[in-house]
Structures are given as C-alpha cells and as structure tokens.
file start.pdb (PDB, C-alpha atoms and all ligand atoms)
ATOM      1  CA  MET A   1      19.266  -2.805 -22.859  1.00  0.00           C
ATOM      2  CA  SER A   2      15.674  -3.120 -21.705  1.00  0.00           C
ATOM      3  CA  THR A   3      13.838  -6.201 -22.873  1.00  0.00           C
ATOM      4  CA  LYS A   4      10.131  -6.411 -23.519  1.00  0.00           C
ATOM      5  CA  THR A   5       9.526  -8.093 -20.150  1.00  0.00           C
ATOM      6  CA  GLU A   6      11.226  -5.288 -18.273  1.00  0.00           C
ATOM      7  CA  GLN A   7       9.161  -2.775 -20.155  1.00  0.00           C
ATOM      8  CA  GLN A   8       5.952  -4.517 -19.089  1.00  0.00           C
ATOM      9  CA  THR A   9       6.994  -4.606 -15.455  1.00  0.00           C
ATOM     10  CA  LYS A  10       7.686  -0.914 -15.544  1.00  0.00           C
ATOM     11  CA  THR A  11       4.226   0.010 -16.757  1.00  0.00           C
ATOM     12  CA  ALA A  12       2.361  -2.270 -14.323  1.00  0.00           C
ATOM     13  CA  VAL A  13      -0.091  -0.492 -12.015  1.00  0.00           C
ATOM     14  CA  GLY A  14       1.750   2.803 -12.049  1.00  0.00           C
ATOM     15  CA  SER A  15       4.628   1.313 -10.143  1.00  0.00           C
ATOM     16  CA  THR A  16       8.145   0.470 -11.226  1.00  0.00           C
ATOM     17  CA  ARG A  17       8.304  -2.381  -8.730  1.00  0.00           C
ATOM     18  CA  LEU A  18       6.378  -3.760  -5.828  1.00  0.00           C
ATOM     19  CA  VAL A  19       6.495  -1.519  -2.800  1.00  0.00           C
ATOM     20  CA  ASP A  20       8.364  -3.334  -0.027  1.00  0.00           C
ATOM     21  CA  THR A  21       5.700  -2.431   2.504  1.00  0.00           C
ATOM     22  CA  ASN A  22       1.973  -2.994   2.873  1.00  0.00           C
ATOM     23  CA  MET A  23       0.397  -0.715   0.296  1.00  0.00           C
ATOM     24  CA  ASN A  24      -2.830  -0.364   2.276  1.00  0.00           C
ATOM     25  CA  MET A  25      -0.850   1.047   5.164  1.00  0.00           C
ATOM     26  CA  LEU A  26       1.054   3.385   2.894  1.00  0.00           C
ATOM     27  CA  GLU A  27      -2.273   4.588   1.518  1.00  0.00           C
ATOM     28  CA  GLU A  28      -3.665   5.026   5.031  1.00  0.00           C
ATOM     29  CA  HIS A  29      -0.590   6.990   6.071  1.00  0.00           C
ATOM     30  CA  ALA A  30      -0.866   9.271   3.045  1.00  0.00           C
ATOM     31  CA  ARG A  31      -4.601   9.664   3.660  1.00  0.00           C
ATOM     32  CA  GLU A  32      -3.920  10.825   7.177  1.00  0.00           C
ATOM     33  CA  LEU A  33      -1.368  13.336   5.862  1.00  0.00           C
ATOM     34  CA  SER A  34      -3.915  14.568   3.329  1.00  0.00           C
ATOM     35  CA  GLY A  35      -6.441  15.175   6.087  1.00  0.00           C
ATOM     36  CA  MET A  36      -9.146  13.706   3.861  1.00  0.00           C
ATOM     37  CA  GLY A  37     -11.591  10.862   4.343  1.00  0.00           C
ATOM     38  CA  GLN A  38     -11.841   7.239   3.224  1.00  0.00           C
ATOM     39  CA  ASP A  39     -12.739   8.296  -0.319  1.00  0.00           C
ATOM     40  CA  TRP A  40      -9.210   9.635  -0.804  1.00  0.00           C
ATOM     41  CA  LYS A  41      -7.298   6.850  -2.526  1.00  0.00           C
ATOM     42  CA  MET A  42      -3.766   6.227  -3.652  1.00  0.00           C
ATOM     43  CA  TYR A  43      -3.402   5.781  -7.405  1.00  0.00           C
ATOM     44  CA  GLN A  44       0.365   5.814  -7.781  1.00  0.00           C
ATOM     45  CA  TRP A  45       3.270   4.766  -5.628  1.00  0.00           C
ATOM     46  CA  GLN A  46       6.992   4.354  -6.091  1.00  0.00           C
ATOM     47  CA  CYS A  47      10.056   3.370  -4.142  1.00  0.00           C
ATOM     48  CA  LEU A  48      12.718   5.985  -4.720  1.00  0.00           C
ATOM     49  CA  PRO A  49      15.394   6.163  -5.933  1.00  0.00           C
ATOM     50  CA  LEU A  50      14.280   4.062  -8.896  1.00  0.00           C
ATOM     51  CA  GLY A  51      16.312   0.935  -9.527  1.00  0.00           C
ATOM     52  CA  SER A  52      17.924   1.030  -6.104  1.00  0.00           C
ATOM     53  CA  MET A  53      17.606  -1.981  -3.818  1.00  0.00           C
ATOM     54  CA  GLU A  54      17.151   0.178  -0.769  1.00  0.00           C
ATOM     55  CA  THR A  55      14.236   2.566  -0.550  1.00  0.00           C
ATOM     56  CA  GLN A  56      15.085   6.086   0.584  1.00  0.00           C
ATOM     57  CA  VAL A  57      11.595   7.428   0.264  1.00  0.00           C
ATOM     58  CA  TYR A  58       8.112   6.320  -0.862  1.00  0.00           C
ATOM     59  CA  ARG A  59       6.361   8.593  -3.287  1.00  0.00           C
ATOM     60  CA  VAL A  60       2.587   8.356  -2.931  1.00  0.00           C
ATOM     61  CA  ALA A  61       0.034  10.175  -5.052  1.00  0.00           C
ATOM     62  CA  GLY A  62      -3.694  10.071  -4.546  1.00  0.00           C
ATOM     63  CA  ALA A  63      -7.009  11.838  -4.961  1.00  0.00           C
ATOM     64  CA  VAL A  64     -10.738  11.488  -4.575  1.00  0.00           C
ATOM     65  CA  ALA A  65     -12.266   9.961  -7.697  1.00  0.00           C
ATOM     66  CA  PRO A  66     -15.658   8.481  -8.592  1.00  0.00           C
ATOM     67  CA  THR A  67     -16.173   4.798  -9.349  1.00  0.00           C
ATOM     68  CA  LYS A  68     -17.121   3.611 -12.816  1.00  0.00           C
ATOM     69  CA  LYS A  69     -20.839   3.038 -13.074  1.00  0.00           C
ATOM     70  CA  THR A  70     -20.924   1.081 -16.318  1.00  0.00           C
ATOM     71  CA  GLY A  71     -18.776  -1.107 -18.542  1.00  0.00           C
ATOM     72  CA  PRO A  72     -16.529  -4.096 -17.857  1.00  0.00           C
ATOM     73  CA  ARG A  73     -14.598  -2.149 -15.231  1.00  0.00           C
ATOM     74  CA  LYS A  74     -17.699  -1.161 -13.283  1.00  0.00           C
ATOM     75  CA  GLY A  75     -16.964  -0.520  -9.613  1.00  0.00           C
ATOM     76  CA  GLU A  76     -13.339   0.417 -10.252  1.00  0.00           C
ATOM     77  CA  THR A  77     -12.065   3.874  -9.483  1.00  0.00           C
ATOM     78  CA  ASN A  78     -12.318   6.214 -12.438  1.00  0.00           C
ATOM     79  CA  TRP A  79      -9.046   8.096 -12.152  1.00  0.00           C
ATOM     80  CA  SER A  80      -9.622  10.074 -15.332  1.00  0.00           C
ATOM     81  CA  LYS A  81     -12.422  11.872 -13.483  1.00  0.00           C
ATOM     82  CA  MET A  82     -10.541  12.522 -10.266  1.00  0.00           C
ATOM     83  CA  ASP A  83     -11.278  15.673  -8.310  1.00  0.00           C
ATOM     84  CA  LYS A  84      -8.113  17.663  -9.024  1.00  0.00           C
ATOM     85  CA  ALA A  85      -8.644  19.817  -5.921  1.00  0.00           C
ATOM     86  CA  THR A  86      -8.099  16.710  -3.777  1.00  0.00           C
ATOM     87  CA  HIS A  87      -4.916  15.611  -5.560  1.00  0.00           C
ATOM     88  CA  ARG A  88      -2.009  15.234  -3.150  1.00  0.00           C
ATOM     89  CA  GLU A  89       1.493  13.884  -3.439  1.00  0.00           C
ATOM     90  CA  PHE A  90       3.574  12.787  -0.474  1.00  0.00           C
ATOM     91  CA  TYR A  91       7.144  11.694   0.088  1.00  0.00           C
ATOM     92  CA  ILE A  92       7.271   9.359   3.062  1.00  0.00           C
ATOM     93  CA  LYS A  93      10.522   8.073   4.534  1.00  0.00           C
ATOM     94  CA  PRO A  94      10.561   4.368   5.502  1.00  0.00           C
ATOM     95  CA  ASP A  95      11.617   5.247   9.073  1.00  0.00           C
ATOM     96  CA  ASP A  96       8.747   7.673   9.458  1.00  0.00           C
ATOM     97  CA  HIS A  97       6.388   5.089   8.034  1.00  0.00           C
ATOM     98  CA  THR A  98       7.572   2.400  10.454  1.00  0.00           C
ATOM     99  CA  GLN A  99       6.981   4.774  13.348  1.00  0.00           C
ATOM    100  CA  TRP A 100       3.564   5.720  12.011  1.00  0.00           C
ATOM    101  CA  MET A 101       2.663   2.025  11.699  1.00  0.00           C
ATOM    102  CA  ALA A 102       3.602   1.396  15.337  1.00  0.00           C
ATOM    103  CA  GLU A 103       1.328   4.229  16.425  1.00  0.00           C
ATOM    104  CA  TRP A 104      -1.463   3.034  14.159  1.00  0.00           C
ATOM    105  CA  GLU A 105      -1.173  -0.436  15.712  1.00  0.00           C
ATOM    106  CA  LYS A 106      -1.473   1.008  19.224  1.00  0.00           C
ATOM    107  CA  LYS A 107      -4.443   3.107  18.171  1.00  0.00           C
ATOM    108  CA  THR A 108      -6.394   0.375  16.362  1.00  0.00           C
ATOM    109  CA  ASP A 109      -5.142  -2.801  18.075  1.00  0.00           C
ATOM    110  CA  LYS A 110      -4.737  -4.275  14.602  1.00  0.00           C
ATOM    111  CA  CYS A 111      -1.614  -5.782  13.088  1.00  0.00           C
ATOM    112  CA  ALA A 112       0.091  -3.046  11.057  1.00  0.00           C
ATOM    113  CA  GLU A 113       2.036  -5.511   8.932  1.00  0.00           C
ATOM    114  CA  CYS A 114      -1.135  -6.702   7.182  1.00  0.00           C
ATOM    115  CA  ALA A 115      -3.397  -3.735   8.055  1.00  0.00           C
ATOM    116  CA  GLY A 116      -5.536  -6.093  10.128  1.00  0.00           C
ATOM    117  CA  SER A 117      -6.414  -8.290   7.161  1.00  0.00           C
ATOM    118  CA  GLY A 118      -4.365 -11.290   8.351  1.00  0.00           C
ATOM    119  CA  LYS A 119      -2.686 -11.670   4.978  1.00  0.00           C
ATOM    120  CA  THR A 120       0.252 -10.122   3.190  1.00  0.00           C
ATOM    121  CA  LEU A 121       1.202  -9.981  -0.435  1.00  0.00           C
ATOM    122  CA  ARG A 122       3.339 -12.906  -1.557  1.00  0.00           C
ATOM    123  CA  ARG A 123       3.883 -11.698  -5.087  1.00  0.00           C
ATOM    124  CA  TRP A 124       2.273  -9.808  -7.866  1.00  0.00           C
ATOM    125  CA  THR A 125       2.316 -10.725 -11.520  1.00  0.00           C
ATOM    126  CA  GLN A 126       0.589  -9.177 -14.465  1.00  0.00           C
ATOM    127  CA  GLU A 127      -0.969 -12.532 -15.446  1.00  0.00           C
ATOM    128  CA  ASP A 128      -2.304 -13.670 -12.075  1.00  0.00           C
ATOM    129  CA  GLY A 129      -2.535 -10.427 -10.159  1.00  0.00           C
ATOM    130  CA  ALA A 130      -1.985 -10.504  -6.410  1.00  0.00           C
ATOM    131  CA  GLU A 131      -1.163 -13.641  -4.476  1.00  0.00           C
ATOM    132  CA  TYR A 132      -1.411 -13.610  -0.694  1.00  0.00           C
ATOM    133  CA  ARG A 133      -0.071 -15.601   2.228  1.00  0.00           C
ATOM    134  CA  PRO A 134      -1.000 -15.519   5.931  1.00  0.00           C
ATOM    135  CA  CYS A 135       0.711 -12.649   7.735  1.00  0.00           C
ATOM    136  CA  ARG A 136       3.816 -13.802   9.610  1.00  0.00           C
ATOM    137  CA  GLN A 137       3.647 -10.991  12.141  1.00  0.00           C
ATOM    138  CA  CYS A 138       0.210 -11.933  13.534  1.00  0.00           C
ATOM    139  CA  ALA A 139      -0.003 -15.529  12.218  1.00  0.00           C
ATOM    140  CA  GLY A 140      -2.979 -14.561  10.090  1.00  0.00           C
ATOM    141  CA  THR A 141      -5.141 -13.223  12.918  1.00  0.00           C
ATOM    142  CA  GLY A 142      -4.916  -9.546  11.943  1.00  0.00           C
ATOM    143  CA  VAL A 143      -4.624  -8.618  15.622  1.00  0.00           C
ATOM    144  CA  SER A 144      -1.817  -6.483  17.034  1.00  0.00           C
ATOM    145  CA  THR A 145       0.950  -8.575  18.563  1.00  0.00           C
ATOM    146  CA  THR A 146       2.799  -5.771  20.335  1.00  0.00           C
ATOM    147  CA  GLU A 147       1.256  -6.663  23.729  1.00  0.00           C
ATOM    148  CA  VAL A 148       1.851 -10.385  23.326  1.00  0.00           C
ATOM    149  CA  THR A 149       4.959 -11.700  25.079  1.00  0.00           C
ATOM    150  CA  HIS A 150       7.197 -14.202  23.341  1.00  0.00           C
ATOM    151  CA  SER A 151       6.503 -16.844  25.984  1.00  0.00           C
ATOM    152  CA  ALA A 152       2.890 -16.947  24.785  1.00  0.00           C
ATOM    153  CA  LYS A 153       4.158 -18.702  21.675  1.00  0.00           C
ATOM    154  CA  ASN A 154       4.456 -22.032  23.418  1.00  0.00           C
TER     155      ASN A 154
HETATM  156 ZN    ZN A 201      -0.699  -9.295  10.442  1.00  0.00          ZN
END

call {"tool": "encode", "arguments": {"input": "start.pdb", "output": "structure tokens"}}
result
Amino acid sequence: MSTKTEQQTKTAVGSTRLVDTNMNMLEEHARELSGMGQDWKMYQWQCLPLGSMETQVYRVAGAVAPTKKTGPRKGETNWSKMDKATHREFYIKPDDHTQWMAEWEKKTDKCAECAGSGKTLRRWTQEDGAEYRPCRQCAGTGVSTTEVTHSAKN
C-alpha cells in the first residue's frame, strides 16, 4: 500500500508528520518537565496515535548532546554522542500543553503561538526544508496579545 513518497515522509526528521503545534514550545515544555537547562534538546517528536487526524498525545524525546565540531554538518547537534543520563521521554496531552502555553505567555510576555519569534511554520518539505509565515496570533510582533483588547485592532 505505501508508496515511495509516503515512505520518505515517514522517515523525515524523526517524525511521522508535522506536529500541529509550535515545536519550539513543545521542546520548551518538555525541557521544563525534564528540569534541565537550555542544552537539553528535543530530537524526536510524534503526534499519537499515528495516522489519526486528531492528536491525543504528543510524544517528545530529548537529551543533552554535543554539537559537531567538524565536517559538513558542523554546528549541528551530534545525537549519536548524546549523554544517555539526560535522556528523557515525555507524553504531553494537547490540553495540558495549551494550558502550559498560556502560563508561559503570562510569564514571558511573549506570544506562545510563535514562541516570541513572530513567525510560524507554513509547511515543511524534504526538498526546501521549513517555510515560515508571519504569526497570525501576534501579527508577526512576537509579543503576547492576551492583554490586548479586540477594540485595539481598529
Ligand atoms: Zn506570535
């Protein structure tokens, strides 16, 4: 049943499909749960159950790993040398994540939708990589909009 194209999609970046939430925020959430610092990074994520349109839970795995010092992939995280003692795996429910994002937004005053970057992922392809668009939630400012009233729009 599975064509070659489907096979490729399945092996892309350790994910079966694009997570329907900001991956930076998912990483940040998992990092907080791990109790570790900024050097703890997510290397694998999935929306479960696989193949379902609606996510029941996000599976996030991460660890602390060194960056590559040489070669064409210099500067990238070297997952083959990860510190196994820092390896953690979390199952985060979308509802819990939404709540966590709201609290993060209050705490940081940044827009949780785009993690304060002002842009969100439009699509991801193996050929072109990530393509971004301005964040709709904050209109590309990266600033929290929870305090802003709707009348301020006009
Ligand atoms: Zn935003």

call {"tool": "resolve_selection", "arguments": {"input": "start.pdb", "expression": "the PyMOL selection byres (((not hetatm)) within 8 of (chain A and resi 201))", "output": "PyMOL selection string"}}
result
chain A and resi 110-120+134-144

call {"tool": "closest_residue", "arguments": {"input": "start.pdb", "among": "A:Met42, A:Glu89, A:Lys69, A:Gly75", "to": "A:Met25", "atoms": "all atoms listed in the file"}}
result
A:Met42

call {"tool": "residues_near_point", "arguments": {"input": "start.pdb", "point": "(15.9, 4.1, -1.0)", "cutoff": "12 Å", "atoms": "all atoms listed in the file", "output": "list in words"}}
result
Val19, Asp20, Gln46, Cys47, Leu48, Pro49, Leu50, Gly51, Ser52, Met53, Glu54, Thr55, Gln56, Val57, Tyr58, Arg59, Tyr91, Ile92, Lys93, Pro94 and Asp95 of chain A

call {"tool": "atom_distance", "arguments": {"input": "start.pdb", "atom1": "atom CA of A:Gly35", "atom2": "atom CA of A:Thr67"}}
result
21.0 Å

call {"tool": "atom_distance", "arguments": {"input": "start.pdb", "atom1": "atom CA of A:Lys81", "atom2": "atom CA of A:Ala30"}}
result
20.3 Å

call {"tool": "atom_distance", "arguments": {"input": "start.pdb", "atom1": "atom CA of A:Arg122", "atom2": "atom CA of A:Glu27"}}
result
18.6 Å

call {"tool": "closest_residue", "arguments": {"input": "start.pdb", "among": "A:Gln126, A:Thr77, A:Thr145, A:Arg133", "to": "A:Asp109", "atoms": "all atoms listed in the file"}}
result
A:Thr145

call {"tool": "axis_aligned_box", "arguments": {"input": "start.pdb", "around": "stretch 97-106 of chain A", "padding_each_side": "4 Å", "output": "JSON"}}
result
{"center_x": 3.0, "center_y": 2.6, "center_z": 13.6, "size_x": 17.0, "size_y": 14.2, "size_z": 19.2}

call {"tool": "closest_residue", "arguments": {"input": "start.pdb", "among": "A:Lys68, A:Arg123, A:His97, A:Arg31", "to": "A:Ser80", "atoms": "all atoms listed in the file"}}
result
A:Lys68

call {"tool": "residues_around", "arguments": {"input": "start.pdb", "residues": "A:Glu28", "least_positions_apart": "3", "cutoff": "10 Å", "atoms": "all atoms listed in the file", "output": "PDB file with C-alpha atoms, in the frame of the given file"}}
result
ATOM      1  CA  MET A  23       0.397  -0.715   0.296  1.00  0.00           C
ATOM      2  CA  ASN A  24      -2.830  -0.364   2.276  1.00  0.00           C
ATOM      3  CA  MET A  25      -0.850   1.047   5.164  1.00  0.00           C
ATOM      4  CA  ARG A  31      -4.601   9.664   3.660  1.00  0.00           C
ATOM      5  CA  GLU A  32      -3.920  10.825   7.177  1.00  0.00           C
ATOM      6  CA  LEU A  33      -1.368  13.336   5.862  1.00  0.00           C
ATOM      7  CA  SER A  34      -3.915  14.568   3.329  1.00  0.00           C
ATOM      8  CA  GLY A  37     -11.591  10.862   4.343  1.00  0.00           C
ATOM      9  CA  GLN A  38     -11.841   7.239   3.224  1.00  0.00           C
ATOM     10  CA  TRP A  40      -9.210   9.635  -0.804  1.00  0.00           C
ATOM     11  CA  LYS A  41      -7.298   6.850  -2.526  1.00  0.00           C
ATOM     12  CA  MET A  42      -3.766   6.227  -3.652  1.00  0.00           C
ATOM     13  CA  MET A 101       2.663   2.025  11.699  1.00  0.00           C
ATOM     14  CA  TRP A 104      -1.463   3.034  14.159  1.00  0.00           C
ATOM     15  CA  ALA A 115      -3.397  -3.735   8.055  1.00  0.00           C
TER      16      ALA A 115
END

call {"tool": "resolve_selection", "arguments": {"input": "start.pdb", "expression": "the PyMOL selection byres (((chain A and resi 82) around 8) and not hetatm)", "output": "PyMOL selection string"}}
result
chain A and resi 63-66+78-81+83-84+87
